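Working notes, beginning with the structure itself.
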Amino acid sequence: MTVAVEKPETTDPAVAPPRPGPPAGRRRLGRSAAVAAILVGWLVLFAVLRGKQTLSLAAADLTGLHRWFNDVNDSIGANRDSNPLFLYFFNEIRLVIGHLVSFVQDLISQPSAGRPVPQIGWLGVVGIAGYVAWAVGNWRVALLAVAGFTFFGLQGLWQESMDTLALTLSAVLVALLIAIPLGVWAGLSDRFNRVVTPLLDLMQTMPTFVYLAPLTLFFLIGGASATIATVIYAAPPAIRITAHAIRSVPETTAEAAESLGATRRQALVKVLLPMSKRTVVMGVNQSIMAALAMVTIAALIDAPGLGKTVVQALQSLDVGTAFNAGLAIVVMAIVLDRVTTAASARAEAARRSRSRFLAWRRPLLGAGAAVTAVLVYLSHTYLWAAEFPGDGGAGSSIASTADDVATWAQDNLSGLTNAFRDALTNGLLNPFQSLLTDSPWWLVGAVLIALGVVLGGPRAGITTIVCAGLLVGTGLWSDAMTTLASTLVATVLVMALGVVFGVWMGRSPLVDRMLRPSLDAAQVMPPFVYLVPFLALFGATRFTAIVAAVVYAAPVAIKIIADGVRAVPETTVEAATAAGCTTWQIITKVQLPMARGALTLATNQGLIYVLSMVVVGGLVGAGALGYDVVAGFSQGELYGKGLAAGLAIVLLGVMFDRITQAAARRASA
């Protein structure tokens with residue numbers, strides 16, 4: 001017989017069991033009540049203090065910081081050819097990158113060495129594109145590449161497309177030479193990974209616009225600066241994904257190699273890199289997509305190519321030309337994405353059945369290489385194979401059709417589109433912008449800090465304090481608040497779409513299969529492209545930038561929410577169904593609450609995507625920080641203000657990112 005002995009209660013606090021904290025639901029309820037109290041207090045104080053201490057600044061006015069930036073720019077310009085730092089470092093980098101870009105342009109896009117045409121004409125480039133796509137992918141991808149490159153010529157945009165391709169390839173080559181070794185290092189070293197991760201987070205948080213102004217300070221305006229900016233923007237995805245690939249290799253595999261006597265270098269070259277090849281190729285894909293997005297925007301600093309055509313068309317409100325060039329950018333993005341995605345799948349297939357894979361493909365690859373060499377020779381030797389035939393009639397037809405559609409939309413849909421624009425602008429955007437811009441600066445700062453602490457915790461609050469203080473220091477507080485208003489309104493719309501379509505996809509595999517390819521394709525397109533159709537519908541207004549930002553950011557939010565809803569255990573849903581819950585109750589009481597971490601992560605990504613697009617909207621009348629950056633490139637006396645605007649955009653991005661990431665971690669805890 002077993003006798004249970006009751007333990008006496010412990011009274012010593014040193015050994016007493018910890019008291020359980022409040023339940024997660026109660027903590028969340030407390031945070032919601034705190035947020036509500038902060039917002040109510042803000043509204044009350046806004047009613048009393050409206051219009052006071054707003055730190056507004058006219059478009060042509062400069063602060064001391066802006067003038068100092070102008071003086072620094074002038075000083076650097078005066079000493080660029082005498083200062084040793086520029087003579088032996090910055091100028092040398094610009095020269096090397098410039099030579100690389102010029103070499104690739106001479107090869108495929110620009111007349112070279114006294115020739116009226118490039119070294120390789122259109123027929124050779126199309127042949128190379130088809131052969132590379134077939135070699136790393138399959139015949140379908142090769143057909144897509146040939147059709148896509150031929151389409152550039154039919155549009156009358158062959159040279160512009162090749163200029164964009166030349167800058168993209170040059171930047172990706174340099175970016176990968178830097179990124180893959182750093183990614184391998186980060187994958188092998190925990191210490192280096194901890195050091196580099198925050199820097200990569202910051203670089204991926206910064207919108208594309210932000211890279212341009214500082215780099216022109218050191219590398220001047222032109223193709224070299226555009227390529228350097230693209231290198232910096234394209235490297236982080238490759239570093240991060242390469243590090244992840246190395247770390248994903250099972251430890252037992254690496255240990256087995258070491259036990260067989262392999263050195264660390266041999267284990268890396270013979271085991272780790274081959275096993276992570278597919279993921280590394282995915283990193284190359286992401287770098288190419290990032291590079292293409294940056295190259296098009298770098299037209300603002302005189303980068304040649306399709307981006308310059310789009311920028312000039314947007315500035316003159318020429319919808320047809322902008323649409324034709326934007327379509328070429330989309331086609332190039334799709335071709336490059338499909339080729340690298342196919343290369344990733346081919347790498348996996350080759351790893352699984354290498355000998356059989358090489359046996360039947362080697363003769364075909366040799367024959368394809370011979371045909372490609374003949375096409376390259378013809379395009380180098382004969383003018384008919386070097387210059388694309390025709391006058392770009394297809395492009396003229398596309399532009400004309402786009403103009404006709406835009407005119408028809410403005411004539412027949414203006415009542416509907418204007419009503420929609422005015423309802424959203426007057427009902428949501430204007431009141432919220434007024435709340436941010438007409439409140440005293442210290443009140444808005446206090447509200448942001450309080451929300452940072454409540455939603456993200458003390459560290460997020462400290463980050464918000466630093467960012468808000470530096471925003472005041474930029475002298476662009478009012479413009480930053482205008483950008484903040486547009487960003488938050490667009491993010492609310494993004495999350496509304498994200499929840500509706502994300503829940504639909506998460507609950508229905510059929511809907512997921514139908515929508516996901518379109519969402520994947522939407523994420524490939526550079527942000528410039530989104531402005532064109534909405535410019536035709538809504539004209540050059542800040543609303544155009546907001547709608548384009550919503551469409552640009554919605555795919556990533558929808559996919560994250562769909563994955564979060566799908567991850568809710570089926571047993572939980574079945575239990576709720578057995579208890580008699582309706583579909584609406586299952587969604588609102590079970591799936592969305594259990595996907596709270598995904599919702600917060602979607603908010604984080606939506607904010608970052610929206611901010612980058614709202615800033616690009618400065619090209620079509622969005623105003624605020626985006627306009628300040630664009631004006632800084634075009635008007636020398638506003639260069640310092642544009643540089644300060646870039647800094648303000650970074651501060652907003654960091655503040656958003658830190659608060660929402662911390663909130664996501666707390667929601668998932």
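Labels used: A, B, ... for chains in the order of the structure tokens, numbers from 1 for residues in each chain, and numbers from 1 for ligands as shown.
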Val371 (chain A) environment, 10 Å, only C-alpha atoms, sequence neighbours closer than 4 positions dropped, as a ChimeraX atom specification: /A:127-128,131,365-367,375-377
Residue selection dump (N, CA and C atoms) as a short mmCIF file (atom, residue, chain, number, x, y, z; two decimals), in the first residue's frame:
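Below you can see result_12.cif, which holds the result:
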```cif
data_model
loop_
_atom_site.label_atom_id
_atom_site.label_comp_id
_atom_site.auth_asym_id
_atom_site.auth_seq_id
_atom_site.Cartn_x
_atom_site.Cartn_y
_atom_site.Cartn_z
N GLY A 127 20.12 34.78 -79.27
CA GLY A 127 20.63 33.42 -79.25
C GLY A 127 21.26 33.06 -77.91
N ILE A 128 22.06 33.98 -77.35
CA ILE A 128 22.68 33.72 -76.05
C ILE A 128 21.61 33.57 -74.97
N TYR A 131 19.96 30.19 -75.36
CA TYR A 131 20.85 29.08 -74.99
C TYR A 131 21.05 29.00 -73.48
N LEU A 365 23.92 20.22 -75.29
CA LEU A 365 24.51 21.50 -74.90
C LEU A 365 25.60 21.90 -75.88
N GLY A 366 26.39 20.91 -76.34
CA GLY A 366 27.44 21.21 -77.32
C GLY A 366 26.86 21.72 -78.63
N ALA A 367 25.80 21.08 -79.10
CA ALA A 367 25.16 21.51 -80.34
C ALA A 367 24.55 22.90 -80.19
N LEU A 375 25.25 32.38 -84.40
CA LEU A 375 24.40 33.57 -84.31
C LEU A 375 25.19 34.79 -83.82
N VAL A 376 26.08 34.57 -82.86
CA VAL A 376 26.92 35.67 -82.37
C VAL A 376 27.82 36.18 -83.48
N TYR A 377 28.42 35.26 -84.26
CA TYR A 377 29.28 35.67 -85.38
C TYR A 377 28.50 36.50 -86.40
#
```
Report as a list in words all protein, DNA and RNA residues lying within 8 Å of region 459-473 of chain A, evaluated on only C-alpha atoms, omitting residues in the same chain fewer than 5 positions from it.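 Selected residues are Gly445, Leu448, Ile449, Ala450, Leu451, Gly452, Val453, Ala480, Ala648, Leu651, Leu652, Val654, Met655, Arg658, Ile659 and Ala662 of chain A.
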Please list as a list in words every residue within 10 Å of Val444 (chain A), counting only C-alpha atoms and excluding residues in the same chain fewer than 4 positions away. Trp42, Phe46, Thr54, Leu435, Leu436, Thr437, Asp438, Ser439, Pro440, Leu448, Ile449, Ala450, Ala468 and Met481 of chain A
Could you please take those selected residues and save C-alpha atoms as an mmCIF file, in the first residue's frame?
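File written: result04.cif
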```cif
data_model
loop_
_atom_site.group_PDB
_atom_site.id
_atom_site.type_symbol
_atom_site.label_atom_id
_atom_site.label_comp_id
_atom_site.auth_asym_id
_atom_site.auth_seq_id
_atom_site.Cartn_x
_atom_site.Cartn_y
_atom_site.Cartn_z
ATOM 1 C CA TRP A 42 -4.124 62.408 -28.519
ATOM 2 C CA PHE A 46 -5.242 67.811 -30.708
ATOM 3 C CA THR A 54 3.989 72.053 -36.067
ATOM 4 C CA LEU A 435 -4.051 64.928 -37.120
ATOM 5 C CA LEU A 436 -0.364 64.248 -37.758
ATOM 6 C CA THR A 437 0.701 67.536 -39.361
ATOM 7 C CA ASP A 438 -1.413 69.962 -37.302
ATOM 8 C CA SER A 439 -0.631 68.430 -33.911
ATOM 9 C CA PRO A 440 2.338 69.890 -32.012
ATOM 10 C CA LEU A 448 4.686 57.486 -31.291
ATOM 11 C CA ILE A 449 6.973 56.700 -28.367
ATOM 12 C CA ALA A 450 4.071 55.556 -26.197
ATOM 13 C CA ALA A 468 11.662 60.814 -33.597
ATOM 14 C CA MET A 481 4.272 63.322 -41.019
#
```
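Take CA of Leu317 (chain A) and CA of Lys641 (chain A): the distance between them is 25.4 Å.
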Extract, using only C-alpha atoms, all DNA, RNA and protein residues at most 10 Å from region 410-423 of chain A, discarding same-chain residues fewer than 2 positions from it, and format them as a compact mmCIF listing (two decimals) with all heavy atoms, in the first residue's frame.
```txt
# COMPACT_ATOMS: atom_id res chain seq x y z
N ASP A 404 -5.15 55.68 -75.70
CA ASP A 404 -6.59 55.64 -75.97
C ASP A 404 -7.36 55.11 -74.76
O ASP A 404 -8.43 55.62 -74.41
CB ASP A 404 -6.87 54.75 -77.19
CG ASP A 404 -6.34 55.37 -78.48
OD1 ASP A 404 -6.09 56.60 -78.50
OD2 ASP A 404 -6.17 54.62 -79.47
N VAL A 405 -6.82 54.06 -74.14
CA VAL A 405 -7.48 53.50 -72.96
C VAL A 405 -7.49 54.51 -71.82
O VAL A 405 -8.50 54.68 -71.12
CB VAL A 405 -6.79 52.19 -72.52
CG1 VAL A 405 -7.31 51.73 -71.17
CG2 VAL A 405 -6.99 51.10 -73.56
N ALA A 406 -6.36 55.20 -71.64
CA ALA A 406 -6.30 56.21 -70.58
C ALA A 406 -7.30 57.34 -70.84
O ALA A 406 -8.00 57.79 -69.92
CB ALA A 406 -4.88 56.78 -70.48
N THR A 407 -7.38 57.78 -72.10
CA THR A 407 -8.34 58.83 -72.44
C THR A 407 -9.78 58.36 -72.21
O THR A 407 -10.62 59.09 -71.66
CB THR A 407 -8.16 59.27 -73.90
OG1 THR A 407 -6.81 59.73 -74.09
CG2 THR A 407 -9.11 60.38 -74.26
N TRP A 408 -10.07 57.12 -72.65
CA TRP A 408 -11.41 56.57 -72.45
C TRP A 408 -11.74 56.47 -70.96
O TRP A 408 -12.85 56.80 -70.53
CB TRP A 408 -11.50 55.19 -73.09
CG TRP A 408 -12.84 54.55 -72.90
CD1 TRP A 408 -13.94 54.68 -73.71
CD2 TRP A 408 -13.23 53.70 -71.83
NE1 TRP A 408 -14.99 53.97 -73.20
CE2 TRP A 408 -14.59 53.35 -72.04
CE3 TRP A 408 -12.58 53.20 -70.70
CZ2 TRP A 408 -15.28 52.52 -71.17
CZ3 TRP A 408 -13.26 52.37 -69.83
CH2 TRP A 408 -14.60 52.04 -70.06
N THR A 425 -9.92 60.15 -49.85
CA THR A 425 -9.07 61.29 -49.48
C THR A 425 -9.72 62.12 -48.37
O THR A 425 -9.08 62.43 -47.36
CB THR A 425 -8.79 62.16 -50.71
OG1 THR A 425 -8.14 61.38 -51.70
CG2 THR A 425 -7.90 63.34 -50.33
N ASN A 426 -10.99 62.48 -48.58
CA ASN A 426 -11.66 63.35 -47.60
C ASN A 426 -12.10 62.60 -46.35
O ASN A 426 -12.16 63.18 -45.26
CB ASN A 426 -12.88 64.02 -48.25
CG ASN A 426 -12.48 64.92 -49.40
OD1 ASN A 426 -11.43 65.56 -49.37
ND2 ASN A 426 -13.32 64.97 -50.45
N GLY A 427 -12.41 61.30 -46.52
CA GLY A 427 -12.92 60.56 -45.37
C GLY A 427 -11.86 59.95 -44.50
O GLY A 427 -12.08 59.72 -43.30
N LEU A 428 -10.68 59.69 -45.06
CA LEU A 428 -9.65 59.00 -44.28
C LEU A 428 -8.30 59.70 -44.32
O LEU A 428 -7.72 59.99 -43.28
CB LEU A 428 -9.51 57.56 -44.80
CG LEU A 428 -8.57 56.63 -44.03
CD1 LEU A 428 -9.04 56.48 -42.58
CD2 LEU A 428 -8.50 55.26 -44.71
N LEU A 429 -7.82 60.00 -45.53
CA LEU A 429 -6.46 60.52 -45.65
C LEU A 429 -6.34 61.92 -45.08
O LEU A 429 -5.44 62.19 -44.26
CB LEU A 429 -6.03 60.51 -47.12
CG LEU A 429 -4.62 61.03 -47.41
CD1 LEU A 429 -3.58 60.25 -46.64
CD2 LEU A 429 -4.34 60.97 -48.91
N ASN A 430 -7.21 62.86 -45.49
CA ASN A 430 -7.09 64.24 -45.01
C ASN A 430 -7.23 64.36 -43.50
O ASN A 430 -6.44 65.07 -42.85
CB ASN A 430 -8.11 65.13 -45.72
CG ASN A 430 -7.71 65.43 -47.16
OD1 ASN A 430 -6.56 65.20 -47.55
ND2 ASN A 430 -8.64 65.92 -47.95
N ALA A 536 -2.99 56.86 -65.18
CA ALA A 536 -4.04 57.02 -66.18
C ALA A 536 -5.42 57.16 -65.53
O ALA A 536 -6.27 57.90 -66.02
CB ALA A 536 -4.03 55.83 -67.13
N LEU A 537 -5.64 56.47 -64.42
CA LEU A 537 -6.96 56.48 -63.79
C LEU A 537 -7.19 57.70 -62.91
O LEU A 537 -8.28 58.28 -62.89
CB LEU A 537 -7.15 55.21 -62.95
CG LEU A 537 -7.43 53.91 -63.72
CD1 LEU A 537 -7.45 52.74 -62.76
CD2 LEU A 537 -8.75 54.01 -64.47
N PHE A 538 -6.17 58.09 -62.14
CA PHE A 538 -6.37 59.10 -61.11
C PHE A 538 -5.57 60.39 -61.32
O PHE A 538 -5.70 61.32 -60.53
CB PHE A 538 -6.01 58.52 -59.73
CG PHE A 538 -6.82 57.31 -59.36
CD1 PHE A 538 -6.24 56.05 -59.37
CD2 PHE A 538 -8.15 57.42 -59.02
CE1 PHE A 538 -6.98 54.92 -59.03
CE2 PHE A 538 -8.90 56.30 -58.68
CZ PHE A 538 -8.31 55.06 -58.69
N GLY A 539 -4.74 60.42 -62.36
CA GLY A 539 -3.94 61.62 -62.58
C GLY A 539 -2.77 61.70 -61.63
O GLY A 539 -2.50 60.79 -60.84
N THR A 541 -1.58 62.71 -58.59
CA THR A 541 -1.96 63.12 -57.24
C THR A 541 -1.33 62.17 -56.23
O THR A 541 -0.84 61.10 -56.58
CB THR A 541 -3.50 63.08 -57.05
OG1 THR A 541 -3.94 61.72 -57.14
CG2 THR A 541 -4.20 63.90 -58.12
N PHE A 543 -2.98 60.49 -54.22
CA PHE A 543 -3.83 59.32 -54.18
C PHE A 543 -3.32 58.25 -55.14
O PHE A 543 -3.43 57.05 -54.86
CB PHE A 543 -5.27 59.70 -54.54
CG PHE A 543 -6.25 58.57 -54.41
CD1 PHE A 543 -6.71 58.17 -53.17
CD2 PHE A 543 -6.70 57.90 -55.54
CE1 PHE A 543 -7.59 57.12 -53.05
CE2 PHE A 543 -7.59 56.86 -55.43
CZ PHE A 543 -8.04 56.46 -54.19
N THR A 544 -2.76 58.66 -56.27
CA THR A 544 -2.17 57.71 -57.22
C THR A 544 -1.07 56.90 -56.55
O THR A 544 -1.00 55.68 -56.71
CB THR A 544 -1.61 58.46 -58.44
OG1 THR A 544 -2.67 59.18 -59.07
CG2 THR A 544 -0.96 57.51 -59.42
N VAL A 547 -2.67 54.35 -53.98
CA VAL A 547 -3.28 53.17 -54.61
C VAL A 547 -2.20 52.26 -55.18
O VAL A 547 -2.26 51.03 -55.04
CB VAL A 547 -4.28 53.60 -55.70
CG1 VAL A 547 -4.85 52.38 -56.41
CG2 VAL A 547 -5.40 54.42 -55.11
```
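Candidate residues A:Val295, A:Leu200, A:Arg566, A:Leu383 were compared for distance to Leu212 (chain A), and the nearest is A:Val295, using only C-alpha atoms.
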In terms of the shortest atom-to-atom distance over only C-alpha atoms, which of A:Ser170, A:Ser508, A:Thr197, A:Ser248 is closest to Thr227 (chain A)? A:Ser170
So that I can see what lies close to Met275 (chain A), please list as a PDB file with all heavy atoms, in the first residue's frame the residues with an atom at most 9 Å from it, counting only C-alpha atoms and leaving out residues fewer than 2 positions away in the same chain.
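part.pdb was written with the following content:
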```
ATOM      1  N   ALA A 245      21.362  29.041 -46.388  1.00  0.00           N
ATOM      2  CA  ALA A 245      21.613  27.776 -47.079  1.00  0.00           C
ATOM      3  C   ALA A 245      22.709  26.976 -46.384  1.00  0.00           C
ATOM      4  O   ALA A 245      22.583  25.756 -46.193  1.00  0.00           O
ATOM      5  CB  ALA A 245      21.995  28.059 -48.528  1.00  0.00           C
ATOM      6  N   ILE A 246      23.784  27.657 -46.011  1.00  0.00           N
ATOM      7  CA  ILE A 246      24.888  26.965 -45.338  1.00  0.00           C
ATOM      8  C   ILE A 246      24.423  26.418 -43.991  1.00  0.00           C
ATOM      9  O   ILE A 246      24.737  25.275 -43.608  1.00  0.00           O
ATOM     10  CB  ILE A 246      26.088  27.913 -45.152  1.00  0.00           C
ATOM     11  CG1 ILE A 246      26.647  28.354 -46.514  1.00  0.00           C
ATOM     12  CG2 ILE A 246      27.177  27.255 -44.309  1.00  0.00           C
ATOM     13  CD1 ILE A 246      27.238  27.254 -47.332  1.00  0.00           C
ATOM     14  N   VAL A 249      22.247  23.028 -43.954  1.00  0.00           N
ATOM     15  CA  VAL A 249      22.838  21.705 -44.187  1.00  0.00           C
ATOM     16  C   VAL A 249      22.885  20.953 -42.859  1.00  0.00           C
ATOM     17  O   VAL A 249      23.363  21.494 -41.857  1.00  0.00           O
ATOM     18  CB  VAL A 249      24.249  21.844 -44.791  1.00  0.00           C
ATOM     19  CG1 VAL A 249      24.906  20.477 -44.936  1.00  0.00           C
ATOM     20  CG2 VAL A 249      24.180  22.538 -46.133  1.00  0.00           C
ATOM     21  N   LYS A 270      33.230  20.652 -51.017  1.00  0.00           N
ATOM     22  CA  LYS A 270      32.726  19.356 -51.465  1.00  0.00           C
ATOM     23  C   LYS A 270      31.379  18.969 -50.852  1.00  0.00           C
ATOM     24  O   LYS A 270      30.686  18.102 -51.396  1.00  0.00           O
ATOM     25  CB  LYS A 270      33.751  18.254 -51.118  1.00  0.00           C
ATOM     26  CG  LYS A 270      35.128  18.455 -51.716  1.00  0.00           C
ATOM     27  CD  LYS A 270      35.101  18.327 -53.237  1.00  0.00           C
ATOM     28  CE  LYS A 270      36.518  18.394 -53.823  1.00  0.00           C
ATOM     29  NZ  LYS A 270      36.496  18.304 -55.301  1.00  0.00           N
ATOM     30  N   VAL A 271      31.019  19.583 -49.723  1.00  0.00           N
ATOM     31  CA  VAL A 271      29.801  19.161 -49.028  1.00  0.00           C
ATOM     32  C   VAL A 271      28.806  20.311 -48.876  1.00  0.00           C
ATOM     33  O   VAL A 271      27.687  20.268 -49.396  1.00  0.00           O
ATOM     34  CB  VAL A 271      30.136  18.556 -47.644  1.00  0.00           C
ATOM     35  CG1 VAL A 271      28.848  18.150 -46.924  1.00  0.00           C
ATOM     36  CG2 VAL A 271      31.050  17.359 -47.796  1.00  0.00           C
ATOM     37  N   LEU A 272      29.207  21.369 -48.168  1.00  0.00           N
ATOM     38  CA  LEU A 272      28.256  22.418 -47.800  1.00  0.00           C
ATOM     39  C   LEU A 272      27.723  23.166 -49.020  1.00  0.00           C
ATOM     40  O   LEU A 272      26.507  23.335 -49.175  1.00  0.00           O
ATOM     41  CB  LEU A 272      28.915  23.394 -46.820  1.00  0.00           C
ATOM     42  CG  LEU A 272      29.295  22.820 -45.451  1.00  0.00           C
ATOM     43  CD1 LEU A 272      29.983  23.883 -44.594  1.00  0.00           C
ATOM     44  CD2 LEU A 272      28.061  22.293 -44.732  1.00  0.00           C
ATOM     45  N   LEU A 273      28.624  23.640 -49.890  1.00  0.00           N
ATOM     46  CA  LEU A 273      28.171  24.403 -51.055  1.00  0.00           C
ATOM     47  C   LEU A 273      27.364  23.556 -52.043  1.00  0.00           C
ATOM     48  O   LEU A 273      26.302  23.995 -52.510  1.00  0.00           O
ATOM     49  CB  LEU A 273      29.364  25.069 -51.751  1.00  0.00           C
ATOM     50  CG  LEU A 273      29.943  26.296 -51.033  1.00  0.00           C
ATOM     51  CD1 LEU A 273      31.156  26.830 -51.782  1.00  0.00           C
ATOM     52  CD2 LEU A 273      28.891  27.389 -50.880  1.00  0.00           C
ATOM     53  N   LYS A 277      23.333  24.364 -53.009  1.00  0.00           N
ATOM     54  CA  LYS A 277      23.393  25.032 -54.308  1.00  0.00           C
ATOM     55  C   LYS A 277      22.043  25.603 -54.721  1.00  0.00           C
ATOM     56  O   LYS A 277      21.941  26.734 -55.201  1.00  0.00           O
ATOM     57  CB  LYS A 277      23.893  24.045 -55.362  1.00  0.00           C
ATOM     58  CG  LYS A 277      24.082  24.650 -56.749  1.00  0.00           C
ATOM     59  CD  LYS A 277      24.637  23.607 -57.713  1.00  0.00           C
ATOM     60  CE  LYS A 277      24.824  24.191 -59.103  1.00  0.00           C
ATOM     61  NZ  LYS A 277      25.362  23.170 -60.049  1.00  0.00           N
ATOM     62  N   ARG A 278      20.970  24.812 -54.516  1.00  0.00           N
ATOM     63  CA  ARG A 278      19.650  25.269 -54.950  1.00  0.00           C
ATOM     64  C   ARG A 278      19.249  26.547 -54.219  1.00  0.00           C
ATOM     65  O   ARG A 278      18.741  27.494 -54.829  1.00  0.00           O
ATOM     66  CB  ARG A 278      18.613  24.181 -54.707  1.00  0.00           C
ATOM     67  CG  ARG A 278      17.218  24.597 -55.145  1.00  0.00           C
ATOM     68  CD  ARG A 278      16.183  23.552 -54.829  1.00  0.00           C
ATOM     69  NE  ARG A 278      14.873  23.984 -55.291  1.00  0.00           N
ATOM     70  CZ  ARG A 278      13.750  23.332 -55.077  1.00  0.00           C
ATOM     71  NH1 ARG A 278      13.765  22.205 -54.391  1.00  0.00           N
ATOM     72  NH2 ARG A 278      12.607  23.796 -55.521  1.00  0.00           N
ATOM     73  N   THR A 279      19.477  26.590 -52.921  1.00  0.00           N
ATOM     74  CA  THR A 279      19.097  27.777 -52.149  1.00  0.00           C
ATOM     75  C   THR A 279      19.954  28.971 -52.527  1.00  0.00           C
ATOM     76  O   THR A 279      19.464  30.104 -52.588  1.00  0.00           O
ATOM     77  CB  THR A 279      19.211  27.493 -50.642  1.00  0.00           C
ATOM     78  OG1 THR A 279      18.498  26.296 -50.334  1.00  0.00           O
ATOM     79  CG2 THR A 279      18.631  28.628 -49.818  1.00  0.00           C
ATOM     80  N   GLU A 348      18.748  21.268 -58.320  1.00  0.00           N
ATOM     81  CA  GLU A 348      18.266  20.196 -57.458  1.00  0.00           C
ATOM     82  C   GLU A 348      18.180  18.882 -58.227  1.00  0.00           C
ATOM     83  O   GLU A 348      18.563  17.817 -57.719  1.00  0.00           O
ATOM     84  CB  GLU A 348      16.888  20.569 -56.907  1.00  0.00           C
ATOM     85  CG  GLU A 348      16.278  19.546 -55.966  1.00  0.00           C
ATOM     86  CD  GLU A 348      17.046  19.387 -54.672  1.00  0.00           C
ATOM     87  OE1 GLU A 348      17.894  20.250 -54.364  1.00  0.00           O
ATOM     88  OE2 GLU A 348      16.805  18.388 -53.962  1.00  0.00           O
ATOM     89  N   ARG A 351      21.641  17.482 -58.775  1.00  0.00           N
ATOM     90  CA  ARG A 351      22.222  16.933 -57.540  1.00  0.00           C
ATOM     91  C   ARG A 351      21.697  15.531 -57.265  1.00  0.00           C
ATOM     92  O   ARG A 351      22.420  14.655 -56.793  1.00  0.00           O
ATOM     93  CB  ARG A 351      21.906  17.855 -56.362  1.00  0.00           C
ATOM     94  CG  ARG A 351      22.607  17.480 -55.071  1.00  0.00           C
ATOM     95  CD  ARG A 351      22.231  18.424 -53.950  1.00  0.00           C
ATOM     96  NE  ARG A 351      20.844  18.267 -53.544  1.00  0.00           N
ATOM     97  CZ  ARG A 351      20.411  17.332 -52.681  1.00  0.00           C
ATOM     98  NH1 ARG A 351      21.257  16.465 -52.177  1.00  0.00           N
ATOM     99  NH2 ARG A 351      19.138  17.277 -52.352  1.00  0.00           N
TER     100      ARG A 351
END
```
Ala624 (chain A): which residues within 7 Å, counting only C-alpha atoms, same-chain residues fewer than 5 positions away excluded, as a PyMOL selection string? chain A and resi 479-480+482-483
Prev. selection, all heavy atoms, output as a PDB file, in the first residue's frame:
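Now in selection14.pdb:
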```pdb
ATOM      1  N   ASP A 479       6.868  67.254 -43.460  1.00  0.00           N
ATOM      2  CA  ASP A 479       6.869  66.368 -44.629  1.00  0.00           C
ATOM      3  C   ASP A 479       6.902  64.906 -44.203  1.00  0.00           C
ATOM      4  O   ASP A 479       6.271  64.049 -44.833  1.00  0.00           O
ATOM      5  CB  ASP A 479       8.065  66.671 -45.525  1.00  0.00           C
ATOM      6  CG  ASP A 479       7.865  67.943 -46.340  1.00  0.00           C
ATOM      7  OD1 ASP A 479       6.758  68.497 -46.292  1.00  0.00           O
ATOM      8  OD2 ASP A 479       8.815  68.379 -47.009  1.00  0.00           O
ATOM      9  N   ALA A 480       7.648  64.615 -43.141  1.00  0.00           N
ATOM     10  CA  ALA A 480       7.702  63.235 -42.653  1.00  0.00           C
ATOM     11  C   ALA A 480       6.337  62.785 -42.156  1.00  0.00           C
ATOM     12  O   ALA A 480       5.928  61.631 -42.366  1.00  0.00           O
ATOM     13  CB  ALA A 480       8.743  63.112 -41.544  1.00  0.00           C
ATOM     14  N   THR A 482       3.451  63.911 -43.251  1.00  0.00           N
ATOM     15  CA  THR A 482       2.609  63.711 -44.435  1.00  0.00           C
ATOM     16  C   THR A 482       2.873  62.343 -45.051  1.00  0.00           C
ATOM     17  O   THR A 482       1.948  61.609 -45.419  1.00  0.00           O
ATOM     18  CB  THR A 482       2.881  64.817 -45.466  1.00  0.00           C
ATOM     19  OG1 THR A 482       2.594  66.087 -44.880  1.00  0.00           O
ATOM     20  CG2 THR A 482       2.013  64.639 -46.702  1.00  0.00           C
ATOM     21  N   THR A 483       4.155  61.992 -45.174  1.00  0.00           N
ATOM     22  CA  THR A 483       4.514  60.665 -45.678  1.00  0.00           C
ATOM     23  C   THR A 483       4.010  59.575 -44.741  1.00  0.00           C
ATOM     24  O   THR A 483       3.517  58.529 -45.187  1.00  0.00           O
ATOM     25  CB  THR A 483       6.037  60.562 -45.855  1.00  0.00           C
ATOM     26  OG1 THR A 483       6.471  61.520 -46.818  1.00  0.00           O
ATOM     27  CG2 THR A 483       6.439  59.174 -46.313  1.00  0.00           C
TER      28      THR A 483
END
```
Can you tell me how far CA of Arg666 (chain A) sits from CA of Gln605 (chain A), in Å to one decimal?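 CA of Gln605 (chain A) lies 16.5 Å from CA of Arg666 (chain A).
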Which residues are close to Tyr211 (chain A), i.e. within 10 Å by only C-alpha atoms, leaving aside same-chain residues fewer than 6 positions away? Reply as a PyMOL selection string. chain A and resi 203+225-226+228-230+232-233+294+298+643+646-647+650
C-alpha atoms of the current selection, written as an mmCIF file, in the first residue's frame:
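Contents of part.cif, as written:
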```cif
data_model
loop_
_atom_site.group_PDB
_atom_site.id
_atom_site.type_symbol
_atom_site.label_atom_id
_atom_site.label_comp_id
_atom_site.auth_asym_id
_atom_site.auth_seq_id
_atom_site.Cartn_x
_atom_site.Cartn_y
_atom_site.Cartn_z
ATOM 1 C CA MET A 203 19.702 47.757 -45.662
ATOM 2 C CA SER A 225 26.807 55.580 -59.324
ATOM 3 C CA ALA A 226 23.657 53.782 -60.434
ATOM 4 C CA ILE A 228 27.161 50.999 -57.180
ATOM 5 C CA ALA A 229 23.752 51.794 -55.674
ATOM 6 C CA THR A 230 22.379 48.662 -57.307
ATOM 7 C CA ILE A 232 24.551 47.789 -52.403
ATOM 8 C CA TYR A 233 20.826 47.160 -52.780
ATOM 9 C CA MET A 294 17.029 49.584 -58.428
ATOM 10 C CA ALA A 298 18.399 54.841 -60.671
ATOM 11 C CA LEU A 643 19.696 64.267 -48.607
ATOM 12 C CA GLY A 646 16.474 60.436 -47.572
ATOM 13 C CA LEU A 647 17.623 60.298 -43.961
ATOM 14 C CA VAL A 650 15.360 55.765 -43.339
#
```
